[in-house]
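Participant: What follows is a structure written as structure tokens; I'll ask about it next.
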Amino acid sequence: MDTNDLVKLLPPGYEQACFDKKAITRKRTIKNPLDLLRLILFYLSGNKSLIDVTHFALLSGIGKSVMLLL
């Protein structure tokens, strides 16, 4: 079962509920509830670190690369 299968199990109106319940308050890097859900499911799918989640977001087009110059 992948994330698309899990999304099909969600009730109608889940996206609006994400905004109503303040799961998403501003659209910045994560633009919609589906992208947030994919990141959460990836994180929970195994022994993933936040760096793993960042790489997953970059590779899947959810996040954006930020270069730090020191």
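Each chain in the structure tokens gets a letter, A, B and so on, in the order shown; residues start at 1 in every chain, and ligands are counted from 1 in the order they appear.
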So which residues touch Leu34 in chain A within 10 Å, counting only C-alpha atoms, skipping near sequence neighbours fewer than 6 positions away, as a list in words?
Facilitator: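 My list of contacting residues is Thr3, Asn4, Val7, Tyr14, Glu15, Cys18 and Ile40 of chain A.
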Participant: Could the residues in this selection be saved with C-alpha atoms as a PDB file, in the first residue's frame?
Facilitator:
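Saved as part-v2.pdb:
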ATOM      1  CA  THR A   3       0.419   6.892  -0.080  1.00  0.00           C
ATOM      2  CA  ASN A   4      -2.040   7.118  -2.977  1.00  0.00           C
ATOM      3  CA  VAL A   7      -5.274   9.003   0.483  1.00  0.00           C
ATOM      4  CA  TYR A  14     -10.115  16.252   4.494  1.00  0.00           C
ATOM      5  CA  GLU A  15      -8.201  19.045   2.754  1.00  0.00           C
ATOM      6  CA  CYS A  18      -6.602  20.548   7.455  1.00  0.00           C
ATOM      7  CA  ILE A  40       4.196  12.522   7.511  1.00  0.00           C
TER       8      ILE A  40
END
Participant: List as a list in words the protein and nucleic acid residues near Ala57 in chain A, meaning an atom at most 10 Å away when only C-alpha atoms are counted, but skip any in the same chain fewer than 4 places from it.
Facilitator: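 Listed by chain and then number, they are Thr29, Ile30, Asp35, Leu36, Arg38, Leu39, Phe42, Ile51, Asp52, Val53, Gly61, Ile62, Gly63, Lys64 and Ser65 of chain A.
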Participant: Let's have the selection written as a PDB file, in the first residue's frame, with N, CA and C atoms.
Facilitator:
ATOM      1  N   THR A  29       6.473  26.411   1.742  1.00  0.00           N
ATOM      2  CA  THR A  29       7.096  25.321   1.001  1.00  0.00           C
ATOM      3  C   THR A  29       6.124  24.173   0.785  1.00  0.00           C
ATOM      4  N   ILE A  30       5.388  23.803   1.817  1.00  0.00           N
ATOM      5  CA  ILE A  30       4.382  22.755   1.678  1.00  0.00           C
ATOM      6  C   ILE A  30       3.091  23.436   1.262  1.00  0.00           C
ATOM      7  N   ASP A  35       0.588  17.002   0.214  1.00  0.00           N
ATOM      8  CA  ASP A  35       2.050  16.977   0.358  1.00  0.00           C
ATOM      9  C   ASP A  35       2.453  16.796   1.822  1.00  0.00           C
ATOM     10  N   LEU A  36       1.758  17.478   2.725  1.00  0.00           N
ATOM     11  CA  LEU A  36       2.039  17.328   4.152  1.00  0.00           C
ATOM     12  C   LEU A  36       1.788  15.895   4.590  1.00  0.00           C
ATOM     13  N   ARG A  38       1.906  13.195   2.739  1.00  0.00           N
ATOM     14  CA  ARG A  38       2.959  12.332   2.177  1.00  0.00           C
ATOM     15  C   ARG A  38       4.238  12.393   3.006  1.00  0.00           C
ATOM     16  N   LEU A  39       4.612  13.582   3.449  1.00  0.00           N
ATOM     17  CA  LEU A  39       5.812  13.715   4.277  1.00  0.00           C
ATOM     18  C   LEU A  39       5.632  13.024   5.627  1.00  0.00           C
ATOM     19  N   PHE A  42       5.752   9.240   5.084  1.00  0.00           N
ATOM     20  CA  PHE A  42       7.133   8.813   4.836  1.00  0.00           C
ATOM     21  C   PHE A  42       7.905   8.750   6.146  1.00  0.00           C
ATOM     22  N   ILE A  51      16.321  14.444   8.271  1.00  0.00           N
ATOM     23  CA  ILE A  51      17.141  14.632   7.066  1.00  0.00           C
ATOM     24  C   ILE A  51      16.624  13.731   5.948  1.00  0.00           C
ATOM     25  N   ASP A  52      16.204  12.496   6.295  1.00  0.00           N
ATOM     26  CA  ASP A  52      15.596  11.606   5.298  1.00  0.00           C
ATOM     27  C   ASP A  52      14.339  12.242   4.711  1.00  0.00           C
ATOM     28  N   VAL A  53      13.529  12.837   5.569  1.00  0.00           N
ATOM     29  CA  VAL A  53      12.293  13.484   5.116  1.00  0.00           C
ATOM     30  C   VAL A  53      12.626  14.658   4.191  1.00  0.00           C
ATOM     31  N   GLY A  61       9.773  16.671  -5.202  1.00  0.00           N
ATOM     32  CA  GLY A  61       9.327  17.970  -5.670  1.00  0.00           C
ATOM     33  C   GLY A  61       8.461  18.734  -4.684  1.00  0.00           C
ATOM     34  N   ILE A  62       8.392  18.246  -3.438  1.00  0.00           N
ATOM     35  CA  ILE A  62       7.589  18.935  -2.427  1.00  0.00           C
ATOM     36  C   ILE A  62       8.370  20.093  -1.826  1.00  0.00           C
ATOM     37  N   GLY A  63       9.652  19.889  -1.583  1.00  0.00           N
ATOM     38  CA  GLY A  63      10.478  20.915  -0.951  1.00  0.00           C
ATOM     39  C   GLY A  63      11.337  21.633  -1.953  1.00  0.00           C
ATOM     40  N   LYS A  64      12.146  22.520  -1.427  1.00  0.00           N
ATOM     41  CA  LYS A  64      13.089  23.225  -2.276  1.00  0.00           C
ATOM     42  C   LYS A  64      14.436  23.242  -1.601  1.00  0.00           C
ATOM     43  N   SER A  65      15.456  23.307  -2.390  1.00  0.00           N
ATOM     44  CA  SER A  65      16.821  23.286  -1.872  1.00  0.00           C
ATOM     45  C   SER A  65      17.211  24.666  -1.361  1.00  0.00           C
TER      46      SER A  65
END
Participant: Mind listing the alpha helix (DSSP H) residues of range 9-49 of chain A, per DSSP on the backbone, as a PyMOL selection string?
Facilitator: chain A and resi 14-20+33-44
